[in-house]
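Working notes for the structure below.
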Amino acid sequence: YQKPEIEQEHTCSYSYVDNGDGTHDYVCECGDVQIDNAAHVYDKNVTDKTCNDCGHVATDRIRAKSGNLLYKDMIKVQIEFEISGTTAQKYGMLVFASAEDAATLNMELAVQHKELYKNGTYYYGDTDGISARLMGETMYYVGYADLGNGVYEYTSAVAYGPRNYAVNMLKKSTTSAETRNLISALMHYGAAAQQYAANGTLAAEELMNYGIEGIVEIPYDEAVLGENLFSVDTTVTNGFRTRSANMLFSGAITYEIQYSVETALESKELFMEYTIKGETKSVAMERINTSSGVRYVAKADGNAAKDMDELIVARPYYVGEDGEKVYGAELRYSGYEYTRRTVSGTSASENGKALAKAFAMYVHYADATLGK
């Protein structure tokens with residue numbers, strides 16, 4: 001706000017009254033100038049905010065309450081916030097990679113910036129999907145209230161990650177045996193992904209599934225894979241040839257299918273249609289250069305771990321001049337087929353096979369515990 005300028009022979013000396021609702025009133029000692037319901041004035045980007053005029057201390061307008069891990073769909077960290085004020089323009093959450101970055105409160109250093117959403121009494125901030133190899137990492141979460149005019153009120157940084165969730169849940173006597181198995185499988189999966197990403201160079205004590213009290217061993221059981229449902233036709237069909245099917249673990253778990261195409265198709269828009277759990281979707285293909293030549297890559301949407309035992313049926317296509325889809329050959333695949341083919345094959349490293357086994361057991365316990 002801007003205090004009014006009036007013609008007067010004296011210098012105004014104001015007294016202030018805090019209204020307790022995010023505003024204050026002030027009046028000049030001369031009695032000629034009185035302003036009601038003026039907004040508090042804070043120094044910018046100071047965590048402990050005291051109004052420069054009336055001395056009101058802004059406390060706990062936004063407060064971090066707890067952290068949680070979401071894994072019914074893709075794996076995400078969720079931070080719960082309690083908000084007591086109603087004068088902010090919006091509420092958000094900053095995610096920092098280090099405590100040092102979080103201490104700066106610099107939004108440009110945040111690796112993620114999320115708006116909060118309300119669910120019932122509290123507000124929540126959810127991260128993007130977390131890569132399996134980063135599940136042992138701790139990130140730092142800062143909530144904020146945007147008070148307008150470039151002024152923000154911040155919470156203290158909350159240090160949290162999947163490993164913290166596992167430690168907390170396994171400490172509780174009320175955590176069921178099924179949930180303990182699921183959490184243990186999740187941590188083993190993350191550890192295997194971390195070891196795979198490091199090319200097997202990490203010592204055992206560096207992995208997050210070691211040193212967590214209450215974690216249980218999750219031995220690989222090939223029987224969980226069930227019947228072999230994989231099928232693929234690698235002959236050229238309507239200009240398409242299926243080259244490979246794979247799993248991606250960076251962020252959301254998803255499928256990646258690669259095709260090669262005949263020259264006549266290279267100028268066309270190419271797509272992949274896939275069906276999983278009775279739902280059919282289409283995604284555009286991306287052209288990439290590989291050591292084996294040009295490939296056209298299609299990635300399915302991210303899938304929940306509990307659904308990775310479900311069969312995916314995929315077909316490449318383009319739209320012909322008559323408006324009809326022209327399909328290539330069908331591929332039948334699943335997360336379990338990824339594990340089966342990786343473990344039984346000769347091209348994967350030992351760390352790659354360990355990751356495939358840990359992934360299958362995580363899918364198995366997610367399916368058994370979370371259901372469809």
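Labeling convention for the structure tokens: chains A, B, ... as they appear, residues from 1 per chain, ligands from 1 in order of appearance.
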Would you list the contacts of Glu115 of chain A as a PDB file with N, CA, C and O atoms, in the first residue's frame, taking every protein, DNA or RNA residue within 7 Å and counting only C-alpha atoms, but skipping same-chain residues closer than 5 positions in sequence?
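Output file result35.pdb follows:
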ATOM      1  N   TYR A  91      -0.445 -20.830  -2.713  1.00  0.00           N
ATOM      2  CA  TYR A  91       0.474 -21.603  -1.896  1.00  0.00           C
ATOM      3  C   TYR A  91       1.209 -22.587  -2.798  1.00  0.00           C
ATOM      4  O   TYR A  91       0.637 -23.144  -3.734  1.00  0.00           O
ATOM      5  N   GLY A  92       2.482 -22.805  -2.509  1.00  0.00           N
ATOM      6  CA  GLY A  92       3.270 -23.687  -3.355  1.00  0.00           C
ATOM      7  C   GLY A  92       4.334 -24.433  -2.569  1.00  0.00           C
ATOM      8  O   GLY A  92       4.494 -24.243  -1.350  1.00  0.00           O
ATOM      9  N   MET A  93       5.076 -25.279  -3.263  1.00  0.00           N
ATOM     10  CA  MET A  93       6.149 -26.071  -2.658  1.00  0.00           C
ATOM     11  C   MET A  93       7.353 -26.068  -3.589  1.00  0.00           C
ATOM     12  O   MET A  93       7.223 -26.291  -4.800  1.00  0.00           O
ATOM     13  N   GLY A 125       1.472 -31.105  -1.412  1.00  0.00           N
ATOM     14  CA  GLY A 125       2.342 -30.942  -2.567  1.00  0.00           C
ATOM     15  C   GLY A 125       2.904 -32.294  -2.963  1.00  0.00           C
ATOM     16  O   GLY A 125       3.498 -32.987  -2.124  1.00  0.00           O
TER      17      GLY A 125
END
*Would you return as a list of chain:residue names the members of segment 252-356 of chain A that DSSP assigns to alpha helix (DSSP H) on this structure's backbone?*
A:Gly335, A:Tyr336, A:Glu337, A:Tyr338, A:Thr339, A:Arg340, A:Arg341, A:Thr342, A:Val343, A:Ser344, A:Glu350, A:Asn351, A:Gly352, A:Lys353, A:Ala354, A:Leu355, A:Ala356
Dump N, CA, C and O atoms for the selected residues as a PDB file, in the first residue's frame?
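Result file follows (selection.pdb):
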ATOM      1  N   GLY A 335       5.492 -56.189 -17.855  1.00  0.00           N
ATOM      2  CA  GLY A 335       6.635 -56.024 -16.977  1.00  0.00           C
ATOM      3  C   GLY A 335       7.248 -57.358 -16.588  1.00  0.00           C
ATOM      4  O   GLY A 335       8.469 -57.493 -16.481  1.00  0.00           O
ATOM      5  N   TYR A 336       6.392 -58.363 -16.389  1.00  0.00           N
ATOM      6  CA  TYR A 336       6.903 -59.688 -16.063  1.00  0.00           C
ATOM      7  C   TYR A 336       7.662 -60.291 -17.243  1.00  0.00           C
ATOM      8  O   TYR A 336       8.658 -61.001 -17.052  1.00  0.00           O
ATOM      9  N   GLU A 337       7.194 -60.028 -18.471  1.00  0.00           N
ATOM     10  CA  GLU A 337       7.920 -60.544 -19.641  1.00  0.00           C
ATOM     11  C   GLU A 337       9.276 -59.872 -19.779  1.00  0.00           C
ATOM     12  O   GLU A 337      10.246 -60.494 -20.219  1.00  0.00           O
ATOM     13  N   TYR A 338       9.351 -58.590 -19.379  1.00  0.00           N
ATOM     14  CA  TYR A 338      10.654 -57.915 -19.349  1.00  0.00           C
ATOM     15  C   TYR A 338      11.609 -58.671 -18.431  1.00  0.00           C
ATOM     16  O   TYR A 338      12.760 -58.947 -18.792  1.00  0.00           O
ATOM     17  N   THR A 339      11.132 -59.022 -17.243  1.00  0.00           N
ATOM     18  CA  THR A 339      11.992 -59.750 -16.303  1.00  0.00           C
ATOM     19  C   THR A 339      12.364 -61.120 -16.855  1.00  0.00           C
ATOM     20  O   THR A 339      13.537 -61.528 -16.817  1.00  0.00           O
ATOM     21  N   ARG A 340      11.396 -61.845 -17.366  1.00  0.00           N
ATOM     22  CA  ARG A 340      11.652 -63.189 -17.871  1.00  0.00           C
ATOM     23  C   ARG A 340      12.733 -63.169 -18.962  1.00  0.00           C
ATOM     24  O   ARG A 340      13.670 -63.963 -18.953  1.00  0.00           O
ATOM     25  N   ARG A 341      12.593 -62.248 -19.910  1.00  0.00           N
ATOM     26  CA  ARG A 341      13.514 -62.193 -21.038  1.00  0.00           C
ATOM     27  C   ARG A 341      14.896 -61.679 -20.620  1.00  0.00           C
ATOM     28  O   ARG A 341      15.918 -62.118 -21.135  1.00  0.00           O
ATOM     29  N   THR A 342      14.918 -60.738 -19.656  1.00  0.00           N
ATOM     30  CA  THR A 342      16.197 -60.207 -19.183  1.00  0.00           C
ATOM     31  C   THR A 342      16.983 -61.262 -18.422  1.00  0.00           C
ATOM     32  O   THR A 342      18.183 -61.452 -18.631  1.00  0.00           O
ATOM     33  N   VAL A 343      16.299 -61.965 -17.521  1.00  0.00           N
ATOM     34  CA  VAL A 343      16.979 -62.954 -16.681  1.00  0.00           C
ATOM     35  C   VAL A 343      17.441 -64.162 -17.495  1.00  0.00           C
ATOM     36  O   VAL A 343      18.530 -64.714 -17.255  1.00  0.00           O
ATOM     37  N   SER A 344      16.646 -64.582 -18.469  1.00  0.00           N
ATOM     38  CA  SER A 344      16.995 -65.773 -19.251  1.00  0.00           C
ATOM     39  C   SER A 344      17.920 -65.464 -20.429  1.00  0.00           C
ATOM     40  O   SER A 344      18.503 -66.379 -21.018  1.00  0.00           O
ATOM     41  N   GLU A 350      24.999 -58.781 -14.909  1.00  0.00           N
ATOM     42  CA  GLU A 350      24.486 -59.328 -13.652  1.00  0.00           C
ATOM     43  C   GLU A 350      23.692 -58.278 -12.890  1.00  0.00           C
ATOM     44  O   GLU A 350      22.674 -58.592 -12.265  1.00  0.00           O
ATOM     45  N   ASN A 351      24.142 -57.030 -12.946  1.00  0.00           N
ATOM     46  CA  ASN A 351      23.393 -55.961 -12.286  1.00  0.00           C
ATOM     47  C   ASN A 351      22.063 -55.714 -12.980  1.00  0.00           C
ATOM     48  O   ASN A 351      21.061 -55.405 -12.334  1.00  0.00           O
ATOM     49  N   GLY A 352      22.046 -55.846 -14.309  1.00  0.00           N
ATOM     50  CA  GLY A 352      20.798 -55.706 -15.044  1.00  0.00           C
ATOM     51  C   GLY A 352      19.810 -56.798 -14.698  1.00  0.00           C
ATOM     52  O   GLY A 352      18.606 -56.556 -14.558  1.00  0.00           O
ATOM     53  N   LYS A 353      20.300 -58.012 -14.551  1.00  0.00           N
ATOM     54  CA  LYS A 353      19.430 -59.126 -14.167  1.00  0.00           C
ATOM     55  C   LYS A 353      18.924 -58.959 -12.734  1.00  0.00           C
ATOM     56  O   LYS A 353      17.768 -59.265 -12.435  1.00  0.00           O
ATOM     57  N   ALA A 354      19.790 -58.464 -11.846  1.00  0.00           N
ATOM     58  CA  ALA A 354      19.368 -58.236 -10.463  1.00  0.00           C
ATOM     59  C   ALA A 354      18.267 -57.181 -10.402  1.00  0.00           C
ATOM     60  O   ALA A 354      17.307 -57.303  -9.633  1.00  0.00           O
ATOM     61  N   LEU A 355      18.387 -56.152 -11.229  1.00  0.00           N
ATOM     62  CA  LEU A 355      17.352 -55.119 -11.286  1.00  0.00           C
ATOM     63  C   LEU A 355      16.033 -55.706 -11.795  1.00  0.00           C
ATOM     64  O   LEU A 355      14.971 -55.438 -11.234  1.00  0.00           O
ATOM     65  N   ALA A 356      16.093 -56.520 -12.844  1.00  0.00           N
ATOM     66  CA  ALA A 356      14.879 -57.133 -13.396  1.00  0.00           C
ATOM     67  C   ALA A 356      14.200 -58.021 -12.363  1.00  0.00           C
ATOM     68  O   ALA A 356      12.961 -58.036 -12.249  1.00  0.00           O
TER      69      ALA A 356
END
*With a distance cut-off of 8 Å and only C-alpha atoms, select the neighbouring residues of Asp307 of chain A, excluding the residue or stretch itself and same-chain residues fewer than 3 positions from it, and output the selection as a list in words.*
Asn303, Ala304, Glu310, Val363, Asp367 and Lys372 of chain A
Next, dump the selected residues to file, keeping only all heavy atoms, as an mmCIF file, in the first residue's frame.
data_model
loop_
_atom_site.group_PDB
_atom_site.id
_atom_site.type_symbol
_atom_site.label_atom_id
_atom_site.label_comp_id
_atom_site.auth_asym_id
_atom_site.auth_seq_id
_atom_site.Cartn_x
_atom_site.Cartn_y
_atom_site.Cartn_z
ATOM 1 N N ASN A 303 2.931 -46.190 -15.824
ATOM 2 C CA ASN A 303 2.000 -47.160 -15.249
ATOM 3 C C ASN A 303 2.328 -47.424 -13.788
ATOM 4 O O ASN A 303 3.489 -47.368 -13.385
ATOM 5 C CB ASN A 303 2.047 -48.479 -16.022
ATOM 6 C CG ASN A 303 1.501 -48.345 -17.425
ATOM 7 O OD1 ASN A 303 0.314 -48.430 -17.647
ATOM 8 N ND2 ASN A 303 2.377 -48.107 -18.382
ATOM 9 N N ALA A 304 1.289 -47.725 -13.016
ATOM 10 C CA ALA A 304 1.494 -48.102 -11.624
ATOM 11 C C ALA A 304 2.166 -49.466 -11.555
ATOM 12 O O ALA A 304 1.916 -50.340 -12.385
ATOM 13 C CB ALA A 304 0.153 -48.142 -10.897
ATOM 14 N N GLU A 310 0.172 -56.712 -16.014
ATOM 15 C CA GLU A 310 -0.877 -56.743 -17.019
ATOM 16 C C GLU A 310 -0.265 -56.770 -18.426
ATOM 17 O O GLU A 310 0.766 -56.146 -18.693
ATOM 18 C CB GLU A 310 -1.779 -55.514 -16.896
ATOM 19 C CG GLU A 310 -2.525 -55.416 -15.578
ATOM 20 C CD GLU A 310 -3.711 -56.363 -15.538
ATOM 21 O OE1 GLU A 310 -4.131 -56.843 -16.608
ATOM 22 O OE2 GLU A 310 -4.217 -56.622 -14.431
ATOM 23 N N VAL A 363 6.690 -55.512 -8.234
ATOM 24 C CA VAL A 363 5.400 -55.582 -8.924
ATOM 25 C C VAL A 363 4.486 -56.606 -8.242
ATOM 26 O O VAL A 363 3.294 -56.358 -8.018
ATOM 27 C CB VAL A 363 5.599 -55.940 -10.414
ATOM 28 C CG1 VAL A 363 4.261 -56.239 -11.092
ATOM 29 C CG2 VAL A 363 6.319 -54.816 -11.142
ATOM 30 N N ASP A 367 1.024 -55.565 -6.463
ATOM 31 C CA ASP A 367 -0.234 -56.142 -6.948
ATOM 32 C C ASP A 367 -0.985 -56.821 -5.801
ATOM 33 O O ASP A 367 -2.201 -56.654 -5.638
ATOM 34 C CB ASP A 367 0.069 -57.143 -8.059
ATOM 35 C CG ASP A 367 -1.191 -57.707 -8.702
ATOM 36 O OD1 ASP A 367 -2.226 -57.024 -8.668
ATOM 37 O OD2 ASP A 367 -1.129 -58.820 -9.245
ATOM 38 N N LYS A 372 -5.978 -54.004 -7.789
ATOM 39 C CA LYS A 372 -6.163 -53.352 -9.088
ATOM 40 C C LYS A 372 -6.990 -52.086 -8.975
ATOM 41 O O LYS A 372 -7.263 -51.426 -9.924
ATOM 42 C CB LYS A 372 -6.816 -54.334 -10.069
ATOM 43 C CG LYS A 372 -5.958 -55.558 -10.339
ATOM 44 C CD LYS A 372 -4.616 -55.175 -10.916
ATOM 45 C CE LYS A 372 -3.799 -56.391 -11.271
ATOM 46 N NZ LYS A 372 -2.419 -56.034 -11.643
#
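Take the candidates A:Glu153, A:Tyr318, A:Lys281, A:Ala132 and check each one against Ser267 of chain A using only C-alpha atoms; the shortest distance goes to A:Tyr318.
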*Using only C-alpha atoms, which residues sit within 6 Å of Gly190 of chain A once same-chain residues fewer than 3 positions away are excluded, as a ChimeraX atom specification?*
/A:132-133,135,187,193
*Selected residue of minimal separation from Asn228 of chain A among A:Ala88, A:Leu248, A:Leu311, A:Ala192, counting only C-alpha atoms*: A:Leu311
*Tell me which protein, DNA and RNA residues are within 10 Å of Asp221 of chain A, counting only C-alpha atoms, leaving out same-chain ones fewer than 2 positions away, and put them as a list in words.*
Ile218, Pro219, Ala223, Val224, Leu225, Lys357, Ala358, Ala360, Met361 and His364 of chain A
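Take the candidates A:Ala166, A:Val294, A:Val232, A:Ala197 and check each one against Leu182 of chain A using only C-alpha atoms; the shortest distance goes to A:Ala166.
Distance check against Arg243 of chain A using only C-alpha atoms: of A:Val216, A:Val158, A:Ala329, A:Ala198, the minimum falls on A:Ala329.
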*Which value, in Å to one decimal, gives the distance between atom CA of Asn149 of chain A and atom CA of Ile79 of chain A?*
26.3 Å
*If you run DSSP over the backbone, which residues in segment 103-158 of chain A end up strand (DSSP E or B)? Put them as a VMD selection string.*
chain A and resid 112 to 115 117 to 119 122 to 126 139 to 148 151 to 154 158
*Please provide the set of residues having any atom within 7 Å of Phe240 of chain A, restricted to only C-alpha atoms, with same-chain residues fewer than 5 positions apart removed, written as a list in words.*
Tyr259, Ser260, Val261, Glu262 and Gly328 of chain A
